[in-house]
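Engineer: Structure file upload-v8.pdb (PDB, C-alpha atoms and all ligand atoms) is given on the next line.
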```pdb
ATOM      1  CA  MET A  11     -50.541 -27.720  -7.738
ATOM      2  CA  THR A  12     -52.973 -25.750  -5.592
ATOM      3  CA  LEU A  13     -54.342 -22.405  -6.724
ATOM      4  CA  LEU A  14     -51.540 -20.574  -4.936
ATOM      5  CA  GLY A  15     -48.828 -22.915  -6.227
ATOM      6  CA  ASP A  16     -46.654 -25.415  -4.400
ATOM      7  CA  GLY A  17     -44.083 -22.909  -3.166
ATOM      8  CA  THR A  18     -41.251 -24.280  -5.283
ATOM      9  CA  ARG A  19     -41.058 -21.220  -7.545
ATOM     10  CA  THR A  20     -42.126 -17.589  -7.528
ATOM     11  CA  LEU A  21     -45.335 -17.068  -9.485
ATOM     12  CA  VAL A  22     -45.777 -14.326 -12.062
ATOM     13  CA  MET A  23     -49.002 -12.330 -11.931
ATOM     14  CA  GLY A  24     -49.677 -10.396 -15.133
ATOM     15  CA  VAL A  25     -51.477  -7.053 -14.849
ATOM     16  CA  VAL A  26     -54.553  -6.338 -16.978
ATOM     17  CA  ASN A  27     -55.635  -2.758 -16.261
ATOM     18  CA  VAL A  28     -59.072  -2.009 -17.706
ATOM     19  CA  THR A  29     -58.701   1.699 -16.977
ATOM     20  CA  PRO A  30     -58.391   4.835 -19.102
ATOM     21  CA  ASP A  31     -55.727   6.416 -16.886
ATOM     22  CA  SER A  32     -53.223   3.982 -15.328
ATOM     23  CA  PHE A  33     -49.731   5.380 -14.895
ATOM     24  CA  SER A  34     -48.193   2.186 -16.144
ATOM     25  CA  ASP A  35     -49.793   1.602 -19.521
ATOM     26  CA  GLY A  36     -51.774   4.766 -20.210
ATOM     27  CA  GLY A  37     -55.127   3.065 -20.770
ATOM     28  CA  ALA A  38     -53.989   0.883 -23.679
ATOM     29  CA  TRP A  39     -56.311  -1.965 -22.626
ATOM     30  CA  PHE A  40     -59.432   0.020 -21.739
ATOM     31  CA  GLU A  41     -61.682  -1.708 -24.307
ATOM     32  CA  PRO A  42     -62.777  -5.185 -23.116
ATOM     33  CA  ASP A  43     -61.594  -6.931 -26.295
ATOM     34  CA  ALA A  44     -58.202  -5.275 -26.072
ATOM     35  CA  ALA A  45     -57.938  -6.219 -22.388
ATOM     36  CA  VAL A  46     -58.804  -9.854 -23.106
ATOM     37  CA  THR A  47     -56.322 -10.026 -25.985
ATOM     38  CA  HIS A  48     -53.692  -8.504 -23.729
ATOM     39  CA  GLY A  49     -54.449 -11.021 -20.970
ATOM     40  CA  ARG A  50     -54.042 -13.903 -23.425
ATOM     41  CA  ARG A  51     -50.715 -12.468 -24.523
ATOM     42  CA  LEU A  52     -49.552 -12.338 -20.895
ATOM     43  CA  LEU A  53     -50.547 -15.985 -20.457
ATOM     44  CA  ALA A  54     -48.628 -16.937 -23.598
ATOM     45  CA  ASP A  55     -45.647 -15.061 -22.169
ATOM     46  CA  GLY A  56     -45.738 -17.261 -19.073
ATOM     47  CA  ALA A  57     -48.063 -15.588 -16.559
ATOM     48  CA  ASP A  58     -49.273 -17.954 -13.841
ATOM     49  CA  LEU A  59     -52.242 -15.736 -13.032
ATOM     50  CA  LEU A  60     -53.837 -12.542 -14.287
ATOM     51  CA  ASP A  61     -54.861  -9.552 -12.156
ATOM     52  CA  VAL A  62     -57.786  -7.640 -13.675
ATOM     53  CA  GLY A  63     -58.496  -4.176 -12.286
ATOM     54  CA  GLY A  64     -60.874  -1.343 -13.167
ATOM     55  CA  GLU A  65     -59.680   1.391 -10.808
ATOM     56  CA  SER A  66     -56.484   3.330 -11.384
ATOM     57  CA  THR A  67     -54.524   3.760  -8.167
ATOM     58  CA  ARG A  68     -51.871   6.146  -9.439
ATOM     59  CA  PRO A  69     -51.180   9.002  -6.999
ATOM     60  CA  GLY A  70     -53.904  11.645  -7.313
ATOM     61  CA  ALA A  71     -56.377   9.405  -9.206
ATOM     62  CA  GLN A  72     -60.126   9.888  -8.692
ATOM     63  CA  ARG A  73     -62.259   6.773  -8.112
ATOM     64  CA  PRO A  74     -64.713   5.401 -10.713
ATOM     65  CA  SER A  75     -68.281   4.663  -9.530
ATOM     66  CA  THR A  76     -69.074   1.086  -8.522
ATOM     67  CA  ASP A  77     -71.193   0.661 -11.665
ATOM     68  CA  GLU A  78     -68.363   1.916 -13.846
ATOM     69  CA  GLU A  79     -65.874  -0.418 -12.157
ATOM     70  CA  LEU A  80     -68.234  -3.390 -12.604
ATOM     71  CA  ALA A  81     -68.768  -2.555 -16.272
ATOM     72  CA  ARG A  82     -65.006  -2.416 -16.805
ATOM     73  CA  VAL A  83     -63.918  -5.611 -15.089
ATOM     74  CA  LEU A  84     -66.734  -8.160 -15.361
ATOM     75  CA  PRO A  85     -66.611  -8.903 -19.117
ATOM     76  CA  VAL A  86     -62.824  -9.207 -18.970
ATOM     77  CA  VAL A  87     -62.786 -11.441 -15.877
ATOM     78  CA  ALA A  88     -65.499 -13.655 -17.386
ATOM     79  CA  GLU A  89     -63.784 -14.077 -20.747
ATOM     80  CA  LEU A  90     -60.310 -14.736 -19.344
ATOM     81  CA  ALA A  91     -61.647 -17.175 -16.735
ATOM     82  CA  ARG A  92     -63.623 -18.936 -19.476
ATOM     83  CA  SER A  93     -60.425 -19.455 -21.424
ATOM     84  CA  GLY A  94     -58.887 -21.196 -18.423
ATOM     85  CA  ALA A  95     -56.841 -18.439 -16.790
ATOM     86  CA  VAL A  96     -56.533 -18.126 -13.023
ATOM     87  CA  VAL A  97     -57.908 -14.612 -12.599
ATOM     88  CA  SER A  98     -57.674 -12.304  -9.626
ATOM     89  CA  VAL A  99     -59.780  -9.171  -9.387
ATOM     90  CA  ASP A 100     -57.972  -6.028  -8.243
ATOM     91  CA  THR A 101     -60.650  -4.141  -6.309
ATOM     92  CA  MET A 102     -61.275  -2.424  -2.989
ATOM     93  CA  ARG A 103     -65.054  -2.946  -3.221
ATOM     94  CA  ALA A 104     -66.811  -6.019  -1.809
ATOM     95  CA  GLU A 105     -69.618  -5.656  -4.340
ATOM     96  CA  VAL A 106     -67.152  -5.763  -7.233
ATOM     97  CA  ALA A 107     -65.262  -8.671  -5.665
ATOM     98  CA  ALA A 108     -68.505 -10.659  -5.262
ATOM     99  CA  ALA A 109     -69.611 -10.052  -8.851
ATOM    100  CA  ALA A 110     -66.144 -10.874 -10.177
ATOM    101  CA  ILE A 111     -66.071 -14.159  -8.238
ATOM    102  CA  ASP A 112     -69.476 -14.977  -9.725
ATOM    103  CA  ALA A 113     -67.981 -14.221 -13.151
ATOM    104  CA  GLY A 114     -65.065 -16.609 -12.561
ATOM    105  CA  ALA A 115     -62.406 -14.772 -10.540
ATOM    106  CA  ALA A 116     -60.501 -17.145  -8.268
ATOM    107  CA  LEU A 117     -58.723 -14.587  -6.034
ATOM    108  CA  VAL A 118     -59.334 -11.106  -4.674
ATOM    109  CA  ASN A 119     -56.509  -8.545  -4.688
ATOM    110  CA  ASP A 120     -57.425  -5.644  -2.410
ATOM    111  CA  VAL A 121     -54.874  -2.826  -2.327
ATOM    112  CA  SER A 122     -56.553  -1.486   0.818
ATOM    113  CA  GLY A 123     -56.202  -4.765   2.740
ATOM    114  CA  GLY A 124     -59.842  -4.533   3.770
ATOM    115  CA  LEU A 125     -59.690  -0.931   4.975
ATOM    116  CA  ALA A 126     -61.617   0.710   2.130
ATOM    117  CA  ASP A 127     -64.794  -1.375   2.385
ATOM    118  CA  PRO A 128     -66.019  -2.741   5.732
ATOM    119  CA  ASP A 129     -67.749  -5.642   3.951
ATOM    120  CA  MET A 130     -64.692  -6.933   2.096
ATOM    121  CA  LEU A 131     -63.146  -9.343   4.611
ATOM    122  CA  ALA A 132     -66.458 -11.047   5.446
ATOM    123  CA  LEU A 133     -67.279 -11.402   1.749
ATOM    124  CA  VAL A 134     -63.935 -13.025   0.985
ATOM    125  CA  ALA A 135     -64.239 -15.334   3.998
ATOM    126  CA  ALA A 136     -67.745 -16.391   2.932
ATOM    127  CA  ARG A 137     -66.619 -17.144  -0.630
ATOM    128  CA  GLY A 138     -63.519 -19.031   0.502
ATOM    129  CA  VAL A 139     -61.195 -17.539  -2.131
ATOM    130  CA  PRO A 140     -57.557 -16.504  -1.617
ATOM    131  CA  TYR A 141     -57.092 -12.851  -0.622
ATOM    132  CA  ILE A 142     -54.181 -10.494  -1.218
ATOM    133  CA  ALA A 143     -54.039  -7.741   1.414
ATOM    134  CA  MET A 144     -51.734  -4.850   0.522
ATOM    135  CA  HIS A 145     -50.246  -2.212   2.835
ATOM    136  CA  TRP A 146     -52.315   0.954   2.367
ATOM    137  CA  ARG A 147     -52.808   4.201   4.216
ATOM    138  CA  GLY A 148     -55.576   5.862   2.209
ATOM    139  CA  HIS A 149     -57.029   6.490  -1.218
ATOM    140  CA  SER A 150     -54.807   7.616  -4.074
ATOM    141  CA  ALA A 151     -56.100  11.176  -4.171
ATOM    142  CA  ASP A 152     -53.944  12.076  -1.154
ATOM    143  CA  MET A 153     -51.937   8.972  -0.251
ATOM    144  CA  GLN A 154     -48.500  10.524  -0.754
ATOM    145  CA  ARG A 155     -49.231  12.926   2.138
ATOM    146  CA  ARG A 156     -49.268   9.819   4.350
ATOM    147  CA  ALA A 157     -45.768   8.685   3.324
ATOM    148  CA  ALA A 158     -44.189   9.518   6.696
ATOM    149  CA  TYR A 159     -42.333   6.804   8.611
ATOM    150  CA  ASP A 160     -39.760   6.667  11.383
ATOM    151  CA  ASP A 161     -38.975   3.049  10.472
ATOM    152  CA  VAL A 162     -40.714   2.048   7.272
ATOM    153  CA  VAL A 163     -40.058  -1.704   7.615
ATOM    154  CA  ALA A 164     -41.308  -1.900  11.199
ATOM    155  CA  GLU A 165     -44.370   0.251  10.500
ATOM    156  CA  VAL A 166     -45.371  -1.546   7.300
ATOM    157  CA  CYS A 167     -44.954  -4.909   9.078
ATOM    158  CA  CYS A 168     -46.989  -3.723  12.056
ATOM    159  CA  GLU A 169     -49.804  -2.326   9.904
ATOM    160  CA  LEU A 170     -49.830  -5.459   7.722
ATOM    161  CA  ALA A 171     -49.927  -7.631  10.841
ATOM    162  CA  GLN A 172     -53.091  -5.752  11.844
ATOM    163  CA  ARG A 173     -54.623  -6.484   8.440
ATOM    164  CA  ARG A 174     -53.574 -10.142   8.750
ATOM    165  CA  ASP A 175     -55.225 -10.379  12.145
ATOM    166  CA  ALA A 176     -58.401  -8.679  10.896
ATOM    167  CA  ALA A 177     -58.552 -11.043   7.907
ATOM    168  CA  LEU A 178     -58.059 -14.118  10.082
ATOM    169  CA  ALA A 179     -60.626 -12.862  12.608
ATOM    170  CA  ALA A 180     -63.114 -12.412   9.765
ATOM    171  CA  GLY A 181     -62.673 -16.078   8.862
ATOM    172  CA  ILE A 182     -60.188 -15.964   5.971
ATOM    173  CA  GLU A 183     -57.973 -19.041   6.227
ATOM    174  CA  ALA A 184     -54.284 -18.356   6.828
ATOM    175  CA  GLU A 185     -53.456 -20.646   3.898
ATOM    176  CA  ARG A 186     -55.383 -18.310   1.584
ATOM    177  CA  LEU A 187     -53.963 -15.017   2.781
ATOM    178  CA  VAL A 188     -51.171 -13.211   0.914
ATOM    179  CA  LEU A 189     -49.558  -9.966   2.160
ATOM    180  CA  ASP A 190     -48.034  -7.229  -0.008
ATOM    181  CA  PRO A 191     -45.861  -4.272   1.113
ATOM    182  CA  GLY A 192     -47.635  -1.922  -1.327
ATOM    183  CA  LEU A 193     -44.619  -0.428  -3.080
ATOM    184  CA  GLY A 194     -45.468   3.065  -4.334
ATOM    185  CA  PHE A 195     -48.519   3.420  -2.074
ATOM    186  CA  ALA A 196     -47.870   6.117   0.540
ATOM    187  CA  LYS A 197     -44.130   5.470   0.046
ATOM    188  CA  LEU A 198     -41.346   7.841  -0.947
ATOM    189  CA  PHE A 199     -38.676   6.465  -3.306
ATOM    190  CA  GLU A 200     -36.317   5.506  -0.490
ATOM    191  CA  HIS A 201     -39.091   3.671   1.396
ATOM    192  CA  ASN A 202     -39.557   1.315  -1.573
ATOM    193  CA  TRP A 203     -35.861   0.428  -1.648
ATOM    194  CA  VAL A 204     -35.718  -0.194   2.078
ATOM    195  CA  LEU A 205     -38.747  -2.490   1.843
ATOM    196  CA  LEU A 206     -37.217  -4.367  -1.097
ATOM    197  CA  ALA A 207     -34.054  -4.815   0.953
ATOM    198  CA  ASN A 208     -36.037  -6.212   3.903
ATOM    199  CA  LEU A 209     -38.517  -8.656   2.398
ATOM    200  CA  ALA A 210     -37.523 -11.215   5.020
ATOM    201  CA  ALA A 211     -39.173  -9.036   7.667
ATOM    202  CA  LEU A 212     -42.461  -9.171   5.759
ATOM    203  CA  GLN A 213     -42.147 -12.910   5.329
ATOM    204  CA  GLY A 214     -41.707 -13.069   9.082
ATOM    205  CA  LEU A 215     -45.425 -12.251   9.331
ATOM    206  CA  GLY A 216     -46.012 -15.882   8.419
ATOM    207  CA  GLN A 217     -47.948 -15.432   5.167
ATOM    208  CA  ARG A 218     -47.126 -15.678   1.494
ATOM    209  CA  VAL A 219     -45.811 -12.368   0.115
ATOM    210  CA  LEU A 220     -46.540 -10.646  -3.190
ATOM    211  CA  VAL A 221     -44.349  -7.805  -4.501
ATOM    212  CA  GLY A 222     -45.612  -5.235  -7.006
ATOM    213  CA  ALA A 223     -42.695  -3.080  -8.137
ATOM    214  CA  SER A 224     -43.596  -3.094 -11.806
ATOM    215  CA  ARG A 225     -42.972   0.181 -13.663
ATOM    216  CA  LYS A 226     -43.291   2.205 -10.476
ATOM    217  CA  ALA A 227     -41.790   5.675 -10.244
ATOM    218  CA  PHE A 228     -38.888   4.677  -8.005
ATOM    219  CA  LEU A 229     -37.655   2.427 -10.836
ATOM    220  CA  GLY A 230     -37.792   5.376 -13.230
ATOM    221  CA  ARG A 231     -35.254   7.203 -11.080
ATOM    222  CA  VAL A 232     -32.781   4.377 -10.600
ATOM    223  CA  GLY A 233     -29.355   5.154 -12.065
ATOM    224  CA  ARG A 234     -30.444   8.702 -12.947
ATOM    225  CA  PRO A 235     -28.791  11.530 -11.028
ATOM    226  CA  ASP A 236     -30.982  14.305  -9.582
ATOM    227  CA  GLY A 237     -31.992  16.729 -12.290
ATOM    228  CA  VAL A 238     -32.103  14.053 -15.012
ATOM    229  CA  GLU A 239     -35.602  13.180 -16.262
ATOM    230  CA  PRO A 240     -36.896   9.873 -14.862
ATOM    231  CA  ARG A 241     -37.268   6.995 -17.293
ATOM    232  CA  PRO A 242     -40.888   6.818 -18.634
ATOM    233  CA  ALA A 243     -43.126   4.014 -17.294
ATOM    234  CA  LEU A 244     -42.950   1.922 -20.476
ATOM    235  CA  GLU A 245     -39.134   1.907 -20.263
ATOM    236  CA  ARG A 246     -38.971   0.399 -16.774
ATOM    237  CA  ASP A 247     -39.397  -3.296 -17.639
ATOM    238  CA  ALA A 248     -35.718  -4.261 -17.401
ATOM    239  CA  ALA A 249     -35.533  -2.603 -13.980
ATOM    240  CA  THR A 250     -38.780  -4.380 -13.072
ATOM    241  CA  ALA A 251     -37.330  -7.748 -14.101
ATOM    242  CA  ALA A 252     -34.335  -7.054 -11.865
ATOM    243  CA  THR A 253     -36.664  -6.430  -8.908
ATOM    244  CA  SER A 254     -38.485  -9.670  -9.748
ATOM    245  CA  VAL A 255     -35.193 -11.537  -9.399
ATOM    246  CA  LEU A 256     -34.456  -9.833  -6.066
ATOM    247  CA  ALA A 257     -37.931 -10.701  -4.790
ATOM    248  CA  ALA A 258     -37.669 -14.301  -5.998
ATOM    249  CA  GLN A 259     -34.248 -14.673  -4.368
ATOM    250  CA  ALA A 260     -35.883 -13.567  -1.137
ATOM    251  CA  GLY A 261     -38.371 -16.405  -1.647
ATOM    252  CA  VAL A 262     -41.581 -14.445  -2.196
ATOM    253  CA  TRP A 263     -44.727 -16.195  -3.401
ATOM    254  CA  GLY A 264     -45.327 -13.918  -6.374
ATOM    255  CA  VAL A 265     -44.457 -10.816  -8.355
ATOM    256  CA  ARG A 266     -47.074  -8.614 -10.022
ATOM    257  CA  VAL A 267     -45.811  -7.259 -13.356
ATOM    258  CA  HIS A 268     -47.017  -5.576 -16.535
ATOM    259  CA  ASP A 269     -44.451  -7.105 -18.913
ATOM    260  CA  VAL A 270     -44.536 -10.812 -18.160
ATOM    261  CA  ARG A 271     -41.986 -11.886 -20.735
ATOM    262  CA  SER A 272     -39.024  -9.963 -19.315
ATOM    263  CA  THR A 273     -39.772 -11.071 -15.761
ATOM    264  CA  ARG A 274     -40.353 -14.680 -16.882
ATOM    265  CA  ASP A 275     -36.979 -14.684 -18.702
ATOM    266  CA  ALA A 276     -35.234 -13.225 -15.662
ATOM    267  CA  LEU A 277     -36.815 -15.759 -13.291
ATOM    268  CA  ASP A 278     -35.929 -18.597 -15.687
ATOM    269  CA  VAL A 279     -32.299 -17.492 -15.440
ATOM    270  CA  LEU A 280     -32.478 -17.461 -11.651
ATOM    271  CA  GLU A 281     -34.162 -20.872 -11.536
ATOM    272  CA  ALA A 282     -31.556 -22.385 -13.898
ATOM    273  CA  GLN A 283     -28.761 -21.020 -11.732
ATOM    274  CA  GLN A 284     -30.376 -22.272  -8.534
ATOM    275  CA  ALA A 285     -30.980 -25.732 -10.051
ATOM    276  CA  ALA A 286     -27.333 -25.936 -11.134
ATOM    277  CA  GLY A 287     -26.295 -24.986  -7.609
ATOM    278  CA  ARG A 288     -28.424 -27.777  -6.162
ATOM    279  CA  ARG A 289     -26.996 -30.290  -8.660
ATOM    280  CA  ALA A 290     -23.467 -29.269  -7.807
ATOM    281  CA  ALA A 291     -24.179 -29.551  -4.087
ATOM    282  CA  GLY A 292     -25.647 -33.018  -4.590
ATOM    283  CA  SER A 293     -22.801 -34.361  -6.737
TER     284      SER A 293
HETATM  285  N1  LIG B   1     -49.980  -1.880  -7.527
HETATM  286  C1  LIG B   1     -50.888  -1.297  -8.327
HETATM  287  C2  LIG B   1     -52.196  -1.834  -8.413
HETATM  288  N2  LIG B   1     -52.544  -2.944  -7.723
HETATM  289  N3  LIG B   1     -51.951  -4.666  -6.239
HETATM  290  C3  LIG B   1     -51.044  -5.239  -5.424
HETATM  291  N4  LIG B   1     -51.370  -6.342  -4.718
HETATM  292  N5  LIG B   1     -49.766  -4.753  -5.293
HETATM  293  C4  LIG B   1     -49.370  -3.640  -5.968
HETATM  294  O1  LIG B   1     -48.218  -3.230  -5.790
HETATM  295  C5  LIG B   1     -50.309  -2.988  -6.826
HETATM  296  C6  LIG B   1     -51.606  -3.546  -6.930
HETATM  297  C7  LIG B   1     -50.490  -0.060  -9.073
HETATM  298  O2  LIG B   1     -51.058   0.154 -10.290
HETATM  299  P1  LIG B   1     -50.764  -0.713 -11.642
HETATM  300  O3  LIG B   1     -51.925  -1.637 -11.765
HETATM  301  O4  LIG B   1     -50.708   0.235 -12.754
HETATM  302  O5  LIG B   1     -49.489  -1.453 -11.418
END
```
Now, as a test, write the supplied structure out as structure tokens.

Structural biologist:
Amino acid sequence: MTLLGDGTRTLVMGVVNVTPDSFSDGGAWFEPDAAVTHGRRLLADGADLLDVGGESTRPGAQRPSTDEELARVLPVVAELARSGAVVSVDTMRAEVAAAAIDAGAALVNDVSGGLADPDMLALVAARGVPYIAMHWRGHSADMQRRAAYDDVVAEVCCELAQRRDAALAAGIEAERLVLDPGLGFAKLFEHNWVLLANLAALQGLGQRVLVGASRKAFLGRVGRPDGVEPRPALERDAATAATSVLAAQAGVWGVRVHDVRSTRDALDVLEAQQAAGRRAAGS
């Protein structure tokens, strides 16, 4: 199997946030040892790869300095890579990506798709690692002001196609490029649902697709009428697992989740059902 898999099943990327302030886990893994232990737990639960990040991207978040981000992610990337995990580094900074690759990271996950740092695409091309480019319209401090679309699917596809073309022009091989619709980033609740319902349009861009719905606010609102408190982030894993199944049914390359076990179980169910269908068709 190549680093990005053989395409026969949807991969599960487990999230390791080394941040004090992520919306999704409240900084539970901020200490390096705790982050490494958490990463190992995600692997035991069935993660195919681990995504280590040191910058919270929740709406309104302020950015850490480059030195702070490096200090957060490098020890965790190094230790998890040493224990054999396929590690991606979740960063918008070329300097952090370069240091993380030196420490053992095998992929770069850039939520800005190369827009935040003009050196990112060239760095990734030079290092020859796979690159995840997410749809992004600006830093978290004010991104929700940019959540205006006439046709969210067409506009996200068009803007991602521009990032694809920039990545390819910089020398990143098409085989190593993954695109991500960026659920929750400059998106209102309804935009996320429309994108989830139209993953085929994103796949039409010709690249592997990653979906990151895990614990996001739109899942906290599902099934709750207006006026009822949204479900807290830590109670969104069943809804997340359901989105993982929807994404896998659409044939995406990977899903990025905080609770690997529930998504792994849900994808195992889907795969068992699909295998039975193939057996029945062949008999
Ligand atoms: N979401 C978050 C962070 N990084 N990366 C990708 N590729 N796709 C996403 O949807 C995404 C991401 C949001 O923060 P979290 O780490 O708490 O989930």

Engineer: Using only C-alpha atoms, pick whichever of A:Val267, A:Ala136, A:Ile182, A:Leu131 has the shortest atom-to-atom distance to Arg225 of chain A.

Structural biologist: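 Between A:Val267, A:Ala136, A:Ile182, A:Leu131, the residue approaching Arg225 of chain A most closely is A:Val267.
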
Engineer: So that I can check the surroundings of segment 87-94 of chain A, please list as a VMD selection string every protein, DNA and RNA residue that reaches within 7 Å of it, counting only C-alpha atoms and ignoring chain neighbours fewer than 6 positions away.

Structural biologist: chain A and resid 46 62 110 113 to 115

Engineer: Using C-alpha atoms, can you write the selected residues to a file as a short mmCIF file (atom, residue, chain, number, x, y, z; two decimals), in the frame of the given file?

Structural biologist:
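Now in selection_34.cif:
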```cif
data_model
loop_
_atom_site.label_atom_id
_atom_site.label_comp_id
_atom_site.auth_asym_id
_atom_site.auth_seq_id
_atom_site.Cartn_x
_atom_site.Cartn_y
_atom_site.Cartn_z
CA VAL A 46 -58.80 -9.85 -23.11
CA VAL A 62 -57.79 -7.64 -13.68
CA ALA A 110 -66.14 -10.87 -10.18
CA ALA A 113 -67.98 -14.22 -13.15
CA GLY A 114 -65.06 -16.61 -12.56
CA ALA A 115 -62.41 -14.77 -10.54
#
```

Engineer: Kindly resolve the PyMOL selection byres (((chain A and resi 139) around 9) and not hetatm) on the present coordinates and return the residues as a PyMOL selection string.

Structural biologist: chain A and resi 111+115-118+134-138+140-141+182+186

Engineer: For segment 257-263 of chain A, list every protein, DNA or RNA residue within 6 Å, evaluated using all atoms listed in the file, and leave out those in the same chain fewer than 2 positions away; present the list as a ChimeraX atom specification.

Structural biologist: /A:20,218-220,254-255

Engineer: Around ligand LIG 1 (chain B), out to 7 Å and counting all atoms listed in the file, which residues are there? I want them as a PyMOL selection string.

Structural biologist: chain A and resi 25+27+32-35+66-68+100+119-121+142-144+190+192-193+220-224+266

Engineer: With C-alpha atoms retained, write the just-selected residues as a compact mmCIF listing (two decimals), in the coordinates of the input.

Structural biologist:
```txt
# COMPACT_ATOMS: atom_id res chain seq x y z
CA VAL A 25 -51.48 -7.05 -14.85
CA ASN A 27 -55.64 -2.76 -16.26
CA SER A 32 -53.22 3.98 -15.33
CA PHE A 33 -49.73 5.38 -14.90
CA SER A 34 -48.19 2.19 -16.14
CA ASP A 35 -49.79 1.60 -19.52
CA SER A 66 -56.48 3.33 -11.38
CA THR A 67 -54.52 3.76 -8.17
CA ARG A 68 -51.87 6.15 -9.44
CA ASP A 100 -57.97 -6.03 -8.24
CA ASN A 119 -56.51 -8.54 -4.69
CA ASP A 120 -57.42 -5.64 -2.41
CA VAL A 121 -54.87 -2.83 -2.33
CA ILE A 142 -54.18 -10.49 -1.22
CA ALA A 143 -54.04 -7.74 1.41
CA MET A 144 -51.73 -4.85 0.52
CA ASP A 190 -48.03 -7.23 -0.01
CA GLY A 192 -47.64 -1.92 -1.33
CA LEU A 193 -44.62 -0.43 -3.08
CA LEU A 220 -46.54 -10.65 -3.19
CA VAL A 221 -44.35 -7.80 -4.50
CA GLY A 222 -45.61 -5.24 -7.01
CA ALA A 223 -42.70 -3.08 -8.14
CA SER A 224 -43.60 -3.09 -11.81
CA ARG A 266 -47.07 -8.61 -10.02
```

Engineer: Please build the interface table for segment 183-252 of chain A against segment 273-282 of chain A with a cut-off of 12 Å, listing for each qualifying residue the nearest atom pair and the distance in Å to one decimal; count all atoms listed in the file, order rows by chain and increasing number, and write it as JSON lines.

Structural biologist:
```
{"residue": "A:Ala223", "atom": "CA", "partner": "A:Thr273", "partner_atom": "CA", "distance": 11.4}
{"residue": "A:Ser224", "atom": "CA", "partner": "A:Thr273", "partner_atom": "CA", "distance": 9.7}
{"residue": "A:Arg225", "atom": "CA", "partner": "A:Thr273", "partner_atom": "CA", "distance": 11.9}
{"residue": "A:Arg246", "atom": "CA", "partner": "A:Thr273", "partner_atom": "CA", "distance": 11.5}
{"residue": "A:Asp247", "atom": "CA", "partner": "A:Thr273", "partner_atom": "CA", "distance": 8.0}
{"residue": "A:Ala248", "atom": "CA", "partner": "A:Thr273", "partner_atom": "CA", "distance": 8.1}
{"residue": "A:Ala249", "atom": "CA", "partner": "A:Thr273", "partner_atom": "CA", "distance": 9.6}
{"residue": "A:Thr250", "atom": "CA", "partner": "A:Thr273", "partner_atom": "CA", "distance": 7.3}
{"residue": "A:Ala251", "atom": "CA", "partner": "A:Thr273", "partner_atom": "CA", "distance": 4.4}
{"residue": "A:Ala252", "atom": "CA", "partner": "A:Ala276", "partner_atom": "CA", "distance": 7.3}
```

Engineer: Could you check how far atom CA of Leu209 of chain A sits from atom CA of Leu244 of chain A, in Å to one decimal?

Structural biologist: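 Taking atom CA of Leu209 of chain A as the start and atom CA of Leu244 of chain A as the end point, the length is 25.6 Å.
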
Engineer: Give me the result of the PyMOL selection byres (((chain A and resi 156) around 12) and not hetatm) on this file, residue by residue, as a PDB file with C-alpha atoms, in the frame of the given file.

Structural biologist:
```
ATOM      1  CA  PRO A  69     -51.180   9.002  -6.999  1.00  0.00           C
ATOM      2  CA  TRP A 146     -52.315   0.954   2.367  1.00  0.00           C
ATOM      3  CA  ARG A 147     -52.808   4.201   4.216  1.00  0.00           C
ATOM      4  CA  GLY A 148     -55.576   5.862   2.209  1.00  0.00           C
ATOM      5  CA  HIS A 149     -57.029   6.490  -1.218  1.00  0.00           C
ATOM      6  CA  SER A 150     -54.807   7.616  -4.074  1.00  0.00           C
ATOM      7  CA  ALA A 151     -56.100  11.176  -4.171  1.00  0.00           C
ATOM      8  CA  ASP A 152     -53.944  12.076  -1.154  1.00  0.00           C
ATOM      9  CA  MET A 153     -51.937   8.972  -0.251  1.00  0.00           C
ATOM     10  CA  GLN A 154     -48.500  10.524  -0.754  1.00  0.00           C
ATOM     11  CA  ARG A 155     -49.231  12.926   2.138  1.00  0.00           C
ATOM     12  CA  ALA A 157     -45.768   8.685   3.324  1.00  0.00           C
ATOM     13  CA  ALA A 158     -44.189   9.518   6.696  1.00  0.00           C
ATOM     14  CA  TYR A 159     -42.333   6.804   8.611  1.00  0.00           C
ATOM     15  CA  VAL A 162     -40.714   2.048   7.272  1.00  0.00           C
ATOM     16  CA  GLY A 194     -45.468   3.065  -4.334  1.00  0.00           C
ATOM     17  CA  PHE A 195     -48.519   3.420  -2.074  1.00  0.00           C
ATOM     18  CA  ALA A 196     -47.870   6.117   0.540  1.00  0.00           C
ATOM     19  CA  LYS A 197     -44.130   5.470   0.046  1.00  0.00           C
ATOM     20  CA  LEU A 198     -41.346   7.841  -0.947  1.00  0.00           C
TER      21      LEU A 198
END
```

Engineer: A:Ala95, A:Val188, A:Leu133, A:Ala107: which is nearest Leu59 of chain A, counting only C-alpha atoms?

Structural biologist: A:Ala95

Engineer: So how far away is atom CA of Asp43 of chain A from atom CA of Val86 of chain A, in Å?

Structural biologist: 7.8 Å
